[in-house]
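**Student:** If you scroll down you'll find the structure; I have some questions about it.
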Amino acid sequence: MYKLIKTEGRAKRAEFTTVHGTVQTPVFMNVGTVAAIKGAVSTEDLKQLGCQIQLSNTYHLHVRPGDEVVKKLGGLHKFMVWDRPILTDSGGFQVFSLASLRKIKEEGVYFNSHVDGRKIFMGPEQSMQIQSNLASTIAMAFDECPSSLADREYVQQSVDRTTRWLIRCKDEMERLNSLEDTINKEQMLFGINQGAIFPDIRIEHAKRISELDLPGYSIGGLAVGEPNEVMYDILDRVVPHLPQNKPTYLMGVGTPKDILEGVERGVDFFDCVYPSRNGRHGHLYTNHGTVRLLNAQYELDDSPIEEGCDCPACRHYSRAYIRHLLKAKEMLGMRLCVMHNLYFYNKLMEEIRDAIDNGCFASYKKEKLEKISEQ
RNA sequence: GUGGGUAUGGCGCAGUUGGCUAGCGCGCCAGAUUGUGGCUCUGGAGGCCGUGGGUUCGAGUCCCACUAUCCACC
């Protein structure tokens with residue numbers, strides 16, 4: 001259930017209530033693809049880092065350990081010891097990003113596993129079944145994410161198929177939620193808007209999927225190579241055509257700047273691999289721009305990653321020490337960097353929520369952008 | 001001491017029958033990365049080819065001496 005608390009322009013401050021608790025939005029979902037945040041960050045750590053909701057992946061968990069296994073062990077929440085909401089991505093994007101060998105047909109997609117190369121078939125029904133087995137809080141629709149370079153004709157045809165797939169997802173989820181042995185009978189389905197960089201196709205699609213009255217909607221297929229301005233422009237045009245009394249989720253985005261721009265345009269949910277993946281490689285986010293900790297200038301730097309930061313890394317350790325750990329490929333180095341970045345992202349969202357609450361998001365955004373673009 | 005091998009950027013190596021501005025991996029320096037394959041990619045710096053002679057139009061490549069180092073034998 002989505003409850004709007006306050007708005008400023010198009011920016012929305014709301015809370016989203018689920019069977020696994022309430023999420024304050026705008027929110028950043030911490031990405032734990034295989035039911036774990038890479039970098040040895042535990043669910044206990046995540047709570048300390050201010051994480052409200054995690055994201056895991058249907059495709060990855062289907063391949064390993066297998067959604068049936070997770071189901072037998074009581075579902076994802078019990079399995080990974082996390083009692084807050086979990087959103088599972090449908091696997092649609094992996095078909096686009098991982099599978100070099102794939103065949104997209106009306107019934108679904110045939111492709112090869114990235115782990116052992118075996119043939120896998122996934123369609124709307126399979127994706128829903130897997131996500132139902134995982135028993136996540138929110139399941140994403142199985143969609144196709146066409147390349148931002150795809151031509152108009154292909155995109156239109158792909159989007160039409162994604163719509164048909166969405167209807168199949170909805171039917172299948174309703175069926176699964178009514179079954180006796182389903183773990184989470186309140187599982188929610190979010191639809192996904194596609195249309196590459198063609199605003200009219202996206203708007204038309206947004207209208208069509210809005211009619212299905214799903215509990216939330218997302219915008220997919222952005223930040224996949226097109227210029228940032230194009231993404232912002234599409235958000236400007238498409239978000240108003242999605243239901244305003246439901247959460248809007250911008251998939252896979254993004255940088256702190258992208259998030260500020262997204263919130264301004266009415267986005268509630270974000271997720272991105274940046275804080276964790278970049279953290280693992282020593283690329284750290286601070287209020288004074290990004291710090292590339294592997295750069296030689298930090299060899300003798302005895303200060304924390306960010307002065308005044310209250311994260312577990314900054315409270316105790318110096319840049320020089322963490323840099324050394326990364327160079328030595330010690331797990332602790334990655335762990336501290338990932339924790340700092342997740343803390344930064346979650347803190348950023350908290351500040352954004354406070355700013356909207358206080359009616360000063362516009363000025364907050366301006367100041368924040370100036371700060372984080374320092375270098 | 002004798003015989004044999006090896007000496008090429010920080011490290012490990014390629015360098016064809018002598019032929020244009022000497023390559024490669026790792027490391028180093030810098031940059032990318034947007035619904036995660038603990039990756040990957042893109043640039044860059046760095047070498048009087050152990051030293052000294054010689055042969056040749058031309059030598060990292062051939063010859064001589066020296067030095068260093070490794071192996072075997074005494």
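FYI, nothing fancy with the structure tokens labels: chains A, B, ... in order, residues from 1 per chain, ligands from 1 as they appear.
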Would you mind listing, for every residue of chain A within 10 Å of chain B, the two atoms forming the shortest contact and the distance between them in Å to one decimal, using only C-alpha atoms (C1' of nucleotides), sorted by chain and ascending residue number, as CSV?
**Tutor:**
residue,atom,partner,partner_atom,distance
A:Val31,CA,B:U36,C1',8.0
A:Gly32,CA,B:U36,C1',8.4
A:Thr33,CA,B:U36,C1',6.7
A:Val34,CA,B:U36,C1',9.3
A:Ile37,CA,B:U36,C1',9.6
A:Lys38,CA,B:G38,C1',7.3
A:Gly39,CA,B:G38,C1',7.6
A:Leu55,CA,B:G35,C1',9.3
A:Ser56,CA,B:G35,C1',9.8
A:Asn57,CA,B:G35,C1',8.8
A:Thr88,CA,B:G35,C1',9.4
A:Asp89,CA,B:G35,C1',6.2
A:Ser90,CA,B:G35,C1',8.4
A:Gly91,CA,B:G35,C1',8.4
A:Gly92,CA,B:G35,C1',8.2
A:Phe93,CA,B:G35,C1',5.9
A:Gln94,CA,B:G35,C1',8.2
A:Ser97,CA,B:G35,C1',9.9
A:Leu98,CA,B:G37,C1',8.3
A:His114,CA,B:G37,C1',7.2
A:Val115,CA,B:G37,C1',8.1
A:Met140,CA,B:G35,C1',9.3
A:Cys145,CA,B:G35,C1',9.5
A:Ser218,CA,B:G35,C1',9.9
A:Ile219,CA,B:G35,C1',9.6
A:Gly220,CA,B:G35,C1',7.2
A:Gly221,CA,B:G35,C1',8.4
A:Leu222,CA,B:U34,C1',8.4
A:Ala223,CA,B:U34,C1',5.4
A:Val224,CA,B:U34,C1',6.9
A:Gly225,CA,B:U34,C1',8.8
A:Leu250,CA,B:G35,C1',8.7
A:Met251,CA,B:G35,C1',4.9
A:Gly252,CA,B:G35,C1',4.7
A:Val253,CA,B:U34,C1',5.1
A:Gly254,CA,B:U34,C1',4.8
A:Thr255,CA,B:U34,C1',7.1
A:Asp258,CA,B:U34,C1',9.1
A:Phe270,CA,B:G35,C1',9.6
A:Asp271,CA,B:G35,C1',7.5
A:Cys272,CA,B:U34,C1',6.1
A:Val273,CA,B:U36,C1',5.8
A:Tyr274,CA,B:U34,C1',6.8
A:Ser276,CA,B:U36,C1',8.4
A:Arg277,CA,B:U36,C1',6.8
A:Asn278,CA,B:U33,C1',8.2
A:Arg280,CA,B:G38,C1',7.8
A:His281,CA,B:G38,C1',9.6
A:Asn295,CA,B:C29,C1',8.2
A:Ala296,CA,B:C29,C1',8.0
A:Met331,CA,B:G38,C1',9.5
A:Met334,CA,B:G38,C1',9.3
**Student:** Restricting the output to C-alpha atoms, write the selected residues as a PDB file, in the first residue's frame.
**Tutor:**
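Result file follows (out_10.pdb):
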ATOM      1  CA  VAL A  31      21.670  -4.919  -4.625  1.00  0.00           C
ATOM      2  CA  GLY A  32      22.300  -8.473  -3.421  1.00  0.00           C
ATOM      3  CA  THR A  33      22.012 -10.391  -6.655  1.00  0.00           C
ATOM      4  CA  VAL A  34      22.654 -13.875  -5.298  1.00  0.00           C
ATOM      5  CA  ILE A  37      25.766  -8.126  -1.087  1.00  0.00           C
ATOM      6  CA  LYS A  38      29.089  -8.819  -2.749  1.00  0.00           C
ATOM      7  CA  GLY A  39      31.981  -7.809  -0.542  1.00  0.00           C
ATOM      8  CA  LEU A  55      17.173  -6.523  -4.340  1.00  0.00           C
ATOM      9  CA  SER A  56      17.950 -10.056  -5.441  1.00  0.00           C
ATOM     10  CA  ASN A  57      17.848 -11.722  -8.801  1.00  0.00           C
ATOM     11  CA  THR A  88      13.426  -9.770  -6.999  1.00  0.00           C
ATOM     12  CA  ASP A  89      14.354  -8.746 -10.495  1.00  0.00           C
ATOM     13  CA  SER A  90      12.680 -10.995 -13.041  1.00  0.00           C
ATOM     14  CA  GLY A  91      15.643 -12.201 -15.042  1.00  0.00           C
ATOM     15  CA  GLY A  92      14.556 -10.212 -18.064  1.00  0.00           C
ATOM     16  CA  PHE A  93      17.562  -7.951 -17.887  1.00  0.00           C
ATOM     17  CA  GLN A  94      19.983 -10.864 -17.550  1.00  0.00           C
ATOM     18  CA  SER A  97      22.993  -8.382 -20.436  1.00  0.00           C
ATOM     19  CA  LEU A  98      24.466 -11.834 -19.832  1.00  0.00           C
ATOM     20  CA  HIS A 114      26.516 -18.217 -17.475  1.00  0.00           C
ATOM     21  CA  VAL A 115      27.562 -20.722 -14.795  1.00  0.00           C
ATOM     22  CA  MET A 140       9.236  -7.857 -11.189  1.00  0.00           C
ATOM     23  CA  CYS A 145      15.022  -4.890 -22.410  1.00  0.00           C
ATOM     24  CA  SER A 218       8.994   0.645 -13.068  1.00  0.00           C
ATOM     25  CA  ILE A 219      10.871   2.166 -15.919  1.00  0.00           C
ATOM     26  CA  GLY A 220      13.364  -0.184 -17.483  1.00  0.00           C
ATOM     27  CA  GLY A 221      15.790   0.000 -20.349  1.00  0.00           C
ATOM     28  CA  LEU A 222      17.370   3.279 -19.350  1.00  0.00           C
ATOM     29  CA  ALA A 223      20.977   3.980 -18.431  1.00  0.00           C
ATOM     30  CA  VAL A 224      22.082   1.359 -20.884  1.00  0.00           C
ATOM     31  CA  GLY A 225      24.331   3.531 -22.998  1.00  0.00           C
ATOM     32  CA  LEU A 250      13.700   3.473 -12.064  1.00  0.00           C
ATOM     33  CA  MET A 251      15.584   0.255 -12.675  1.00  0.00           C
ATOM     34  CA  GLY A 252      19.339   0.069 -12.435  1.00  0.00           C
ATOM     35  CA  VAL A 253      19.895   3.754 -11.769  1.00  0.00           C
ATOM     36  CA  GLY A 254      22.283   5.127 -10.819  1.00  0.00           C
ATOM     37  CA  THR A 255      24.841   7.708  -9.813  1.00  0.00           C
ATOM     38  CA  ASP A 258      20.944  10.380 -11.478  1.00  0.00           C
ATOM     39  CA  PHE A 270      16.151   3.076  -7.291  1.00  0.00           C
ATOM     40  CA  ASP A 271      18.720   0.328  -7.437  1.00  0.00           C
ATOM     41  CA  CYS A 272      22.196   0.241  -8.841  1.00  0.00           C
ATOM     42  CA  VAL A 273      25.313  -1.869  -8.682  1.00  0.00           C
ATOM     43  CA  TYR A 274      27.500   1.210  -8.470  1.00  0.00           C
ATOM     44  CA  SER A 276      28.832  -2.163  -4.358  1.00  0.00           C
ATOM     45  CA  ARG A 277      30.670  -2.868  -7.590  1.00  0.00           C
ATOM     46  CA  ASN A 278      32.561   0.404  -7.582  1.00  0.00           C
ATOM     47  CA  ARG A 280      34.912  -3.328  -4.568  1.00  0.00           C
ATOM     48  CA  HIS A 281      37.221  -1.506  -6.933  1.00  0.00           C
ATOM     49  CA  ASN A 295      45.246   6.301  -6.751  1.00  0.00           C
ATOM     50  CA  ALA A 296      48.803   6.843  -5.574  1.00  0.00           C
ATOM     51  CA  MET A 331      38.473  -9.087   1.547  1.00  0.00           C
ATOM     52  CA  MET A 334      36.313  -4.510  -0.310  1.00  0.00           C
TER      53      MET A 334
END
**Student:** Counting only C-alpha atoms (C1' of nucleotides), what is within 12 Å of C24 (chain B), bar same-chain residues fewer than 3 positions away, as an MDAnalysis selection string?
**Tutor:** chainID B and resid 12:15
**Student:** Provide the CA of Lys257 (chain A) to CA of Leu294 (chain A) distance in Å, to one decimal place.
**Tutor:**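 CA of Leu294 (chain A) lies 23.0 Å from CA of Lys257 (chain A).
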**Student:** Set the distance at 6 Å and use only C-alpha atoms (C1' of nucleotides): which residues neighbour Ser318 (chain A) once local chain neighbours fewer than 2 positions away are removed? I'd like the list as an MDAnalysis selection string.
**Tutor:** chainID A and resid 302:304 320:321
**Student:** Could you save the residues just selected, with N, CA, C and O atoms, as a PDB file, in the first residue's frame?
**Tutor:**
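Final output, saved to selection02.pdb:
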ATOM      1  N   ASP A 302      46.354   9.504   5.962  1.00  0.00           N
ATOM      2  CA  ASP A 302      45.955   8.938   7.253  1.00  0.00           C
ATOM      3  C   ASP A 302      44.513   9.287   7.631  1.00  0.00           C
ATOM      4  O   ASP A 302      44.026   8.864   8.670  1.00  0.00           O
ATOM      5  N   SER A 303      43.808  10.048   6.774  1.00  0.00           N
ATOM      6  CA  SER A 303      42.452  10.468   7.130  1.00  0.00           C
ATOM      7  C   SER A 303      41.442   9.409   6.687  1.00  0.00           C
ATOM      8  O   SER A 303      41.755   8.541   5.872  1.00  0.00           O
ATOM      9  N   PRO A 304      40.218   9.463   7.227  1.00  0.00           N
ATOM     10  CA  PRO A 304      39.203   8.491   6.788  1.00  0.00           C
ATOM     11  C   PRO A 304      38.768   8.778   5.355  1.00  0.00           C
ATOM     12  O   PRO A 304      39.099   9.833   4.809  1.00  0.00           O
ATOM     13  N   ALA A 320      44.791   5.249   3.781  1.00  0.00           N
ATOM     14  CA  ALA A 320      46.035   4.525   3.503  1.00  0.00           C
ATOM     15  C   ALA A 320      45.888   3.038   3.826  1.00  0.00           C
ATOM     16  O   ALA A 320      46.315   2.177   3.051  1.00  0.00           O
ATOM     17  N   TYR A 321      45.268   2.743   4.961  1.00  0.00           N
ATOM     18  CA  TYR A 321      45.119   1.343   5.361  1.00  0.00           C
ATOM     19  C   TYR A 321      44.170   0.599   4.424  1.00  0.00           C
ATOM     20  O   TYR A 321      44.476  -0.503   3.963  1.00  0.00           O
TER      21      TYR A 321
END
**Student:** Can I get the residues of region 225-320 of chain A within 12 Å of region 42-49 of chain A, each with the closest pair of atoms and their distance in Å to one decimal, using only C-alpha atoms, sorted chain first then ascending number, as CSV?
**Tutor:**
residue,atom,partner,partner_atom,distance
A:Cys309,CA,A:Leu49,CA,11.7
A:Asp310,CA,A:Leu49,CA,9.6
A:Cys311,CA,A:Leu49,CA,7.2
A:Pro312,CA,A:Leu49,CA,8.5
A:Ala313,CA,A:Leu49,CA,11.0
**Student:** Assign secondary structure with DSSP using the backbone only, and return the residues of region 94-291 of chain A in alpha helix (DSSP H) as a ChimeraX atom specification.
**Tutor:** /A:94-97,124-134,152-177,199-210,228-238,256-264,279-280
